[in-house]
Amino acid sequence: MTAKGVILFTATVGALLLCSCAKNEDTSSLTESQQEQSDFPRCIVGEWKCRETPLDNSELYSGYLSLIIRSDGNYLMYDAEAGNPCLKGTIEMDSDNLDLIFVDDSGVDFAPPAGWENMSKKQEIGYFADSYTLKLTYTDNDNSVTLVFDAVNAPNEVKN
């Protein structure tokens, strides 16, 4: 093997070792709250704009909503037309990591969006997310309303 080959091989092995170490972080020293935060779904972090109507009810209008979710779990859902906050607080994962729990702890007016009027200040919300779409489903008894958000930075051909 040439000197160039040895250097390339060594660099590749070193990079692989660094990557594997980064994936196996020791979380034993973290508090329970910090460990829960580490499980927070990163795919929902960002700025989102709601589509005009919920997925399951075309009679409701939700196109005025915007949503900002930070990597620390803090969120703000607000009326982009009027500038008023609707919901503000933190997002937690439920015990089986399948749903989000929206906690409104802002102390400001609690104003859930259309179709979510019966929502409580600590509410389990179903979700689906990919790179450009976030679906949040509120269920009240047998009725559900799914708000569909597009990533603000999504290419135009992705937005519907």
# chains A, B, ... in the order shown; residues from 1 in each chain; ligands from 1

$ residues_around --residues "segment 71-80 of chain A" --least-positions-apart "3" --cutoff "9 Å" --atoms "only C-alpha atoms" --output "ChimeraX atom specification"
/A:37,40-42,44-46,49,63-68,83-92,102,112-113

$ atom_distance --atom1 "atom CA of Met119 of chain A" --atom2 "atom CA of Tyr132 of chain A"
25.7 Å

$ closest_residue --among "A:Phe128, A:Phe149, A:Phe110, A:Tyr138" --to "Thr53 of chain A" --atoms "only C-alpha atoms"
A:Phe149

$ closest_residue --among "A:Gly107, A:Asn143, A:Ser131, A:Met93" --to "Asn57 of chain A" --atoms "only C-alpha atoms"
A:Asn143

$ residues_around --residues "Ala129 of chain A" --least-positions-apart "3" --cutoff "7 Å" --atoms "only C-alpha atoms" --output "list in words"
Cys43, Ile44, Thr133, Leu134 and Lys135 of chain A

$ atom_distance --atom1 "atom CA of Thr146 of chain A" --atom2 "atom CA of Ile125 of chain A"
9.5 Å

$ closest_residue --among "A:Asn118, A:Glu124, A:Asp56, A:Ser62" --to "Asp94 of chain A" --atoms "only C-alpha atoms"
A:Glu124

$ select_by_dssp --residues "segment 29-87 of chain A" --states "strand (DSSP E or B)" --output "compact mmCIF listing (two decimals) with C-alpha atoms, in the first residue's frame"
# COMPACT_ATOMS: atom_id res chain seq x y z
CA GLY A 46 -38.45 24.78 12.68
CA GLU A 47 -40.91 27.32 11.37
CA TRP A 48 -44.18 26.06 9.89
CA LYS A 49 -47.10 27.65 8.02
CA CYS A 50 -50.52 26.00 8.25
CA LEU A 65 -51.70 29.88 11.71
CA SER A 66 -47.94 29.79 11.98
CA LEU A 67 -45.95 27.56 14.29
CA ILE A 68 -42.41 27.87 15.59
CA ILE A 69 -40.86 24.87 17.39
CA ASN A 74 -40.53 25.44 23.34
CA TYR A 75 -43.21 26.34 20.82
CA LEU A 76 -45.40 29.22 19.72
CA MET A 77 -48.52 28.79 17.58
CA TYR A 78 -49.80 32.17 16.53
CA ASP A 79 -52.23 33.98 14.28
CA PRO A 85 -50.45 33.98 20.12
CA CYS A 86 -52.87 31.04 20.16
CA LEU A 87 -50.77 28.57 22.13
